[in-house]
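For reference, the structure discussed in these notes is given below.
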Amino acid sequence: MIETQPCAGNRVVALVGSQIWHRNTCATLIQAGVNLVGICRVRQKSFGLPISYLRWAVRKQGLFRVIDQIAGRIAYLALNKKKDQVILNRLFDGEKIDSVLNAWNGPLHVTSDYSAPETVEWLRALQPDILVVHTSAWVGKRVRAIPAKGIVIGGHPGITPYYRGAHSAFWAIHNNHPDDVGWSVFWLDEGVDTGDLITQERIAIEPGDSYFTLGWKSMICIAEAQARVIREFDSGRPIRRVPHDTIPPDSNFGVPTLREYLRYRRRQKLCR
């Protein structure tokens, strides 16, 4: 039997993706005693790269760079998929996560777009005080305006504002900044991982890590921090809010290309 803390406090809805690390975020909130009143899951089909990212990337970056990114992902998987799967299974207990979610048995809405009219209507009907976001899909202004207390808590497996966007652990290591591998929890705003900081920590690179496994470890920490922040808010403690002095213009990174991945492998031996 999975033990959870008693639920009381602010009404929380989670906006998540469909992967096991997204489901883990929901299970972590439930087990911490967060009053989770709904889960909105975005459905994004992918082949190495999310479909939503592919559409955006082709439009913004051009077809040839996107093809180079796909080649980089294929090369990465060829070298690391089996090793990563072992670590993924160790980090995320799928049976336990599903057991927590099944016992919760709350309302679930599946969408391809958080801003779809029927999704917005569903979210409003739940009357959330807080939204917790763990998804690569865009959360637009209409959705961010829904929570009664104006609180939308995001997270990013990278040190903001210096490493935003995709695969922050890769770019920190690629740029010879391994001490900037970590995670951030923040107030979600209209930018890409630009919101005012709530909390942030570095994590150590361990033997056998890849930049994917570092991201997964960061996501576990993010979920625990989000749950802790909400429970503290339930008890009357205000949520910390620290604006960034500046957002570096070159700090929003994309999916690595094949050339960038090969250069990453040549430059360092810390991380797969």
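Each chain of the structure tokens is named A, B, ... in the order shown, its residues numbered from 1; ligands are numbered from 1 in display order.
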So that I can check the secondary structure, give me every residue of range 24-168 of chain A assigned alpha helix (DSSP H) by backbone DSSP, as a VMD selection string. chain A and resid 24 to 31 51 to 61 63 to 91 94 to 104 117 to 125 141 to 144 168
Rows by chain and residue number, range 188-260 of chain A within 12 Å of range 70-93 of chain A, shortest pair, only C-alpha atoms, as a tab-separated table:
```
residue	atom	partner	partner_atom	distance
A:Glu206	CA	A:Ile87	CA	11.8
A:Pro207	CA	A:Ile87	CA	11.6
A:Gly208	CA	A:Lys83	CA	8.2
A:Asp209	CA	A:Asp84	CA	8.2
A:Ser210	CA	A:Asp84	CA	7.4
A:Tyr211	CA	A:Asp84	CA	9.8
A:Phe212	CA	A:Asp84	CA	7.6
A:Thr213	CA	A:Asp84	CA	6.7
A:Leu214	CA	A:Ile87	CA	10.2
A:Gly215	CA	A:Leu88	CA	10.7
A:Trp216	CA	A:Leu88	CA	7.7
A:Lys217	CA	A:Leu91	CA	7.5
A:Ser218	CA	A:Leu91	CA	10.9
A:Met219	CA	A:Leu91	CA	10.5
A:Ile220	CA	A:Leu91	CA	8.4
A:Cys221	CA	A:Leu91	CA	11.4
A:Gly254	CA	A:Ile70	CA	12.0
A:Val255	CA	A:Arg73	CA	8.5
A:Pro256	CA	A:Gly72	CA	6.5
A:Thr257	CA	A:Gly72	CA	4.8
A:Leu258	CA	A:Gly72	CA	3.6
A:Arg259	CA	A:Gly72	CA	7.3
A:Glu260	CA	A:Gly72	CA	7.9
```
From the set A:Lys96, A:Ser112, A:Asn252, A:Asp234, which residue has the shortest atom-to-atom contact distance to Ser168 in chain A, counting only C-alpha atoms?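 Smallest distance to Ser168 in chain A is found for A:Asn252.
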For Arg241 in chain A, work out the shell of residues within 8 Å, counting only C-alpha atoms and skipping chain neighbours fewer than 5 positions away, then give it as a count of residues only. 5
For a test of reading the model, state the distance in Å between CA of Tyr163 in chain A and CA of Ile239 in chain A, rounded to one decimal. 23.0 Å
Please return, as a VMD selection string, all residues of range 29-153 of chain A that DSSP assigns to strand (DSSP E or B) on the basis of the backbone. chain A and resid 36 to 42 46 to 47 49 to 50 108 to 111 130 to 134 151 to 153
Could you give me, as a Markdown table, every range 177-250 of chain A residue with an atom at most 9 Å from range 125-136 of chain A, plus its closest atom pair and distance in Å to one decimal, counting only C-alpha atoms, rows ordered by chain then number?
```
| residue | atom | partner | partner_atom | distance |
| --- | --- | --- | --- | --- |
| A:Leu188 | CA | A:Val133 | CA | 8.1 |
| A:Met219 | CA | A:His134 | CA | 8.7 |
| A:Ala223 | CA | A:His134 | CA | 8.5 |
| A:Gln226 | CA | A:Val132 | CA | 7.6 |
| A:Ile230 | CA | A:Ile130 | CA | 8.6 |
```
Output for the residues just chosen: all heavy atoms as a JSON list (two decimals), in the first residue's frame:
```
[["chain", "number", "residue", "atom", "x", "y", "z"],
["A", 188, "LEU", "N", 6.05, 30.63, -13.48],
["A", 188, "LEU", "CA", 5.96, 30.55, -14.95],
["A", 188, "LEU", "C", 5.44, 31.86, -15.52],
["A", 188, "LEU", "O", 4.44, 32.41, -15.04],
["A", 188, "LEU", "CB", 5.04, 29.40, -15.34],
["A", 188, "LEU", "CG", 5.16, 28.94, -16.79],
["A", 188, "LEU", "CD1", 6.42, 28.11, -16.96],
["A", 188, "LEU", "CD2", 3.94, 28.13, -17.19],
["A", 219, "MET", "N", 14.48, 16.41, -12.72],
["A", 219, "MET", "CA", 13.02, 16.43, -12.70],
["A", 219, "MET", "C", 12.46, 15.85, -11.41],
["A", 219, "MET", "O", 11.43, 16.32, -10.90],
["A", 219, "MET", "CB", 12.48, 15.67, -13.91],
["A", 219, "MET", "CG", 12.74, 16.35, -15.24],
["A", 219, "MET", "SD", 12.21, 15.30, -16.62],
["A", 219, "MET", "CE", 13.06, 16.11, -17.99],
["A", 223, "ALA", "N", 10.07, 18.08, -8.85],
["A", 223, "ALA", "CA", 8.76, 17.67, -8.33],
["A", 223, "ALA", "C", 8.72, 17.74, -6.81],
["A", 223, "ALA", "O", 7.73, 18.21, -6.22],
["A", 223, "ALA", "CB", 8.44, 16.25, -8.81],
["A", 226, "GLN", "N", 8.58, 21.45, -5.85],
["A", 226, "GLN", "CA", 7.25, 22.03, -6.11],
["A", 226, "GLN", "C", 6.27, 21.60, -5.03],
["A", 226, "GLN", "O", 5.49, 22.42, -4.53],
["A", 226, "GLN", "CB", 6.76, 21.59, -7.49],
["A", 226, "GLN", "CG", 7.50, 22.25, -8.65],
["A", 226, "GLN", "CD", 7.14, 21.67, -9.99],
["A", 226, "GLN", "OE1", 6.84, 20.47, -10.11],
["A", 226, "GLN", "NE2", 7.18, 22.47, -11.04],
["A", 230, "ILE", "N", 4.41, 24.18, -2.25],
["A", 230, "ILE", "CA", 2.95, 24.28, -2.13],
["A", 230, "ILE", "C", 2.51, 23.96, -0.70],
["A", 230, "ILE", "O", 1.65, 24.65, -0.13],
["A", 230, "ILE", "CB", 2.27, 23.35, -3.14],
["A", 230, "ILE", "CG1", 2.52, 23.86, -4.56],
["A", 230, "ILE", "CG2", 0.77, 23.26, -2.87],
["A", 230, "ILE", "CD1", 2.12, 22.90, -5.64]]
```
Have a look at A:Arg267, A:Gly33, A:Asp98, A:Arg202 and name the one nearest to Ile20 in chain A; count only C-alpha atoms.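 Using only C-alpha atoms, the shortest distance to Ile20 in chain A belongs to A:Asp98.
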Non-local contacts of Val100 in chain A (8 Å; only C-alpha atoms; under 4 positions in same chain excluded) as a VMD selection string: chain A and resid 2 27 30 to 31 96 104
Take the residues from that selection and put them in a file with all heavy atoms, as a JSON list (two decimals), in the first residue's frame.
```json
[["chain", "number", "residue", "atom", "x", "y", "z"],
["A", 2, "ILE", "N", 0.52, 2.24, -0.82],
["A", 2, "ILE", "CA", 1.27, 3.48, -0.91],
["A", 2, "ILE", "C", 0.70, 4.48, 0.09],
["A", 2, "ILE", "O", -0.49, 4.80, 0.06],
["A", 2, "ILE", "CB", 1.20, 4.07, -2.33],
["A", 2, "ILE", "CG1", 1.69, 3.05, -3.36],
["A", 2, "ILE", "CG2", 2.01, 5.35, -2.42],
["A", 2, "ILE", "CD1", 3.11, 2.63, -3.18],
["A", 27, "ALA", "N", 2.51, 11.96, -9.00],
["A", 27, "ALA", "CA", 2.56, 11.06, -7.85],
["A", 27, "ALA", "C", 3.27, 11.72, -6.67],
["A", 27, "ALA", "O", 2.86, 11.55, -5.51],
["A", 27, "ALA", "CB", 3.26, 9.76, -8.24],
["A", 30, "ILE", "N", 0.88, 14.12, -4.98],
["A", 30, "ILE", "CA", -0.14, 13.39, -4.21],
["A", 30, "ILE", "C", 0.44, 12.87, -2.91],
["A", 30, "ILE", "O", -0.15, 13.03, -1.83],
["A", 30, "ILE", "CB", -0.70, 12.24, -5.06],
["A", 30, "ILE", "CG1", -1.49, 12.79, -6.26],
["A", 30, "ILE", "CG2", -1.60, 11.33, -4.22],
["A", 30, "ILE", "CD1", -1.75, 11.76, -7.34],
["A", 31, "GLN", "N", 1.61, 12.23, -3.00],
["A", 31, "GLN", "CA", 2.20, 11.64, -1.81],
["A", 31, "GLN", "C", 2.61, 12.69, -0.78],
["A", 31, "GLN", "O", 2.63, 12.40, 0.43],
["A", 31, "GLN", "CB", 3.41, 10.80, -2.19],
["A", 31, "GLN", "CG", 3.04, 9.49, -2.87],
["A", 31, "GLN", "CD", 4.23, 8.57, -2.99],
["A", 31, "GLN", "OE1", 5.08, 8.76, -3.85],
["A", 31, "GLN", "NE2", 4.31, 7.58, -2.12],
["A", 96, "LYS", "N", 4.96, 1.72, -8.76],
["A", 96, "LYS", "CA", 4.63, 2.57, -7.61],
["A", 96, "LYS", "C", 3.93, 3.84, -8.06],
["A", 96, "LYS", "O", 2.93, 4.27, -7.46],
["A", 96, "LYS", "CB", 5.89, 2.90, -6.83],
["A", 96, "LYS", "CG", 5.66, 3.80, -5.62],
["A", 96, "LYS", "CD", 6.96, 4.07, -4.89],
["A", 96, "LYS", "CE", 6.74, 5.01, -3.70],
["A", 96, "LYS", "NZ", 8.01, 5.31, -3.00],
["A", 104, "TRP", "N", -5.38, 7.68, -6.26],
["A", 104, "TRP", "CA", -5.89, 9.05, -6.28],
["A", 104, "TRP", "C", -7.20, 9.11, -7.05],
["A", 104, "TRP", "O", -8.19, 9.67, -6.58],
["A", 104, "TRP", "CB", -4.85, 9.97, -6.91],
["A", 104, "TRP", "CG", -5.31, 11.37, -7.19],
["A", 104, "TRP", "CD1", -5.55, 12.36, -6.27],
["A", 104, "TRP", "CD2", -5.57, 11.96, -8.47],
["A", 104, "TRP", "NE1", -5.95, 13.52, -6.90],
["A", 104, "TRP", "CE2", -5.97, 13.29, -8.26],
["A", 104, "TRP", "CE3", -5.51, 11.47, -9.78],
["A", 104, "TRP", "CZ2", -6.30, 14.15, -9.31],
["A", 104, "TRP", "CZ3", -5.82, 12.32, -10.83],
["A", 104, "TRP", "CH2", -6.22, 13.65, -10.59]]
```
Would you mind listing what lies within 8 Å of His109 in chain A as an mmCIF file with all heavy atoms, in the first residue's frame, with only C-alpha atoms counted and same-chain residues fewer than 4 positions away left out?
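Printed below is selection.cif as written:
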```cif
data_model
loop_
_atom_site.group_PDB
_atom_site.id
_atom_site.type_symbol
_atom_site.label_atom_id
_atom_site.label_comp_id
_atom_site.auth_asym_id
_atom_site.auth_seq_id
_atom_site.Cartn_x
_atom_site.Cartn_y
_atom_site.Cartn_z
ATOM 1 N N GLY A 38 -6.913 17.886 -10.068
ATOM 2 C CA GLY A 38 -7.028 17.524 -11.464
ATOM 3 C C GLY A 38 -5.656 17.428 -12.122
ATOM 4 O O GLY A 38 -4.703 18.075 -11.699
ATOM 5 N N ILE A 39 -5.598 16.590 -13.158
ATOM 6 C CA ILE A 39 -4.387 16.458 -13.980
ATOM 7 C C ILE A 39 -4.791 16.686 -15.426
ATOM 8 O O ILE A 39 -5.710 16.030 -15.937
ATOM 9 C CB ILE A 39 -3.746 15.070 -13.828
ATOM 10 C CG1 ILE A 39 -3.272 14.836 -12.392
ATOM 11 C CG2 ILE A 39 -2.593 14.903 -14.814
ATOM 12 C CD1 ILE A 39 -2.795 13.422 -12.123
ATOM 13 N N CYS A 40 -4.104 17.609 -16.075
ATOM 14 C CA CYS A 40 -4.316 17.878 -17.494
ATOM 15 C C CYS A 40 -3.071 17.405 -18.236
ATOM 16 O O CYS A 40 -2.002 17.991 -18.087
ATOM 17 C CB CYS A 40 -4.579 19.362 -17.741
ATOM 18 S SG CYS A 40 -5.039 19.730 -19.440
ATOM 19 N N ARG A 41 -3.238 16.368 -19.031
ATOM 20 C CA ARG A 41 -2.100 15.740 -19.710
ATOM 21 C C ARG A 41 -2.117 16.106 -21.191
ATOM 22 O O ARG A 41 -3.121 15.906 -21.880
ATOM 23 C CB ARG A 41 -2.161 14.231 -19.533
ATOM 24 C CG ARG A 41 -0.997 13.474 -20.169
ATOM 25 C CD ARG A 41 -1.149 11.989 -19.946
ATOM 26 N NE ARG A 41 -1.078 11.654 -18.531
ATOM 27 C CZ ARG A 41 -1.535 10.522 -18.012
ATOM 28 N NH1 ARG A 41 -2.122 9.624 -18.789
ATOM 29 N NH2 ARG A 41 -1.420 10.297 -16.708
ATOM 30 N N THR A 119 -10.341 22.537 -23.237
ATOM 31 C CA THR A 119 -9.373 22.360 -22.156
ATOM 32 C C THR A 119 -9.417 23.535 -21.190
ATOM 33 O O THR A 119 -9.397 23.355 -19.968
ATOM 34 C CB THR A 119 -7.956 22.181 -22.738
ATOM 35 O OG1 THR A 119 -7.943 21.032 -23.583
ATOM 36 C CG2 THR A 119 -6.934 22.024 -21.630
ATOM 37 N N TRP A 122 -12.426 23.120 -19.090
ATOM 38 C CA TRP A 122 -12.238 22.073 -18.080
ATOM 39 C C TRP A 122 -11.397 22.590 -16.921
ATOM 40 O O TRP A 122 -11.726 22.353 -15.746
ATOM 41 C CB TRP A 122 -11.567 20.866 -18.737
ATOM 42 C CG TRP A 122 -11.390 19.684 -17.839
ATOM 43 C CD1 TRP A 122 -12.300 18.694 -17.592
ATOM 44 C CD2 TRP A 122 -10.228 19.349 -17.065
ATOM 45 N NE1 TRP A 122 -11.778 17.770 -16.719
ATOM 46 C CE2 TRP A 122 -10.505 18.151 -16.382
ATOM 47 C CE3 TRP A 122 -8.979 19.946 -16.905
ATOM 48 C CZ2 TRP A 122 -9.578 17.540 -15.541
ATOM 49 C CZ3 TRP A 122 -8.057 19.350 -16.065
ATOM 50 C CH2 TRP A 122 -8.359 18.152 -15.391
#
```
Go through A:Gly182, A:Gly106, A:Gly94, A:Pro249 and flag the residue nearest Ala204 in chain A, using only C-alpha atoms for the distances. A:Gly182
Could you check which of A:Arg59, A:Tyr162, A:Val110, A:Ala227 is closest to His244 in chain A, using only C-alpha atoms?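 Using only C-alpha atoms, the shortest distance to His244 in chain A belongs to A:Tyr162.
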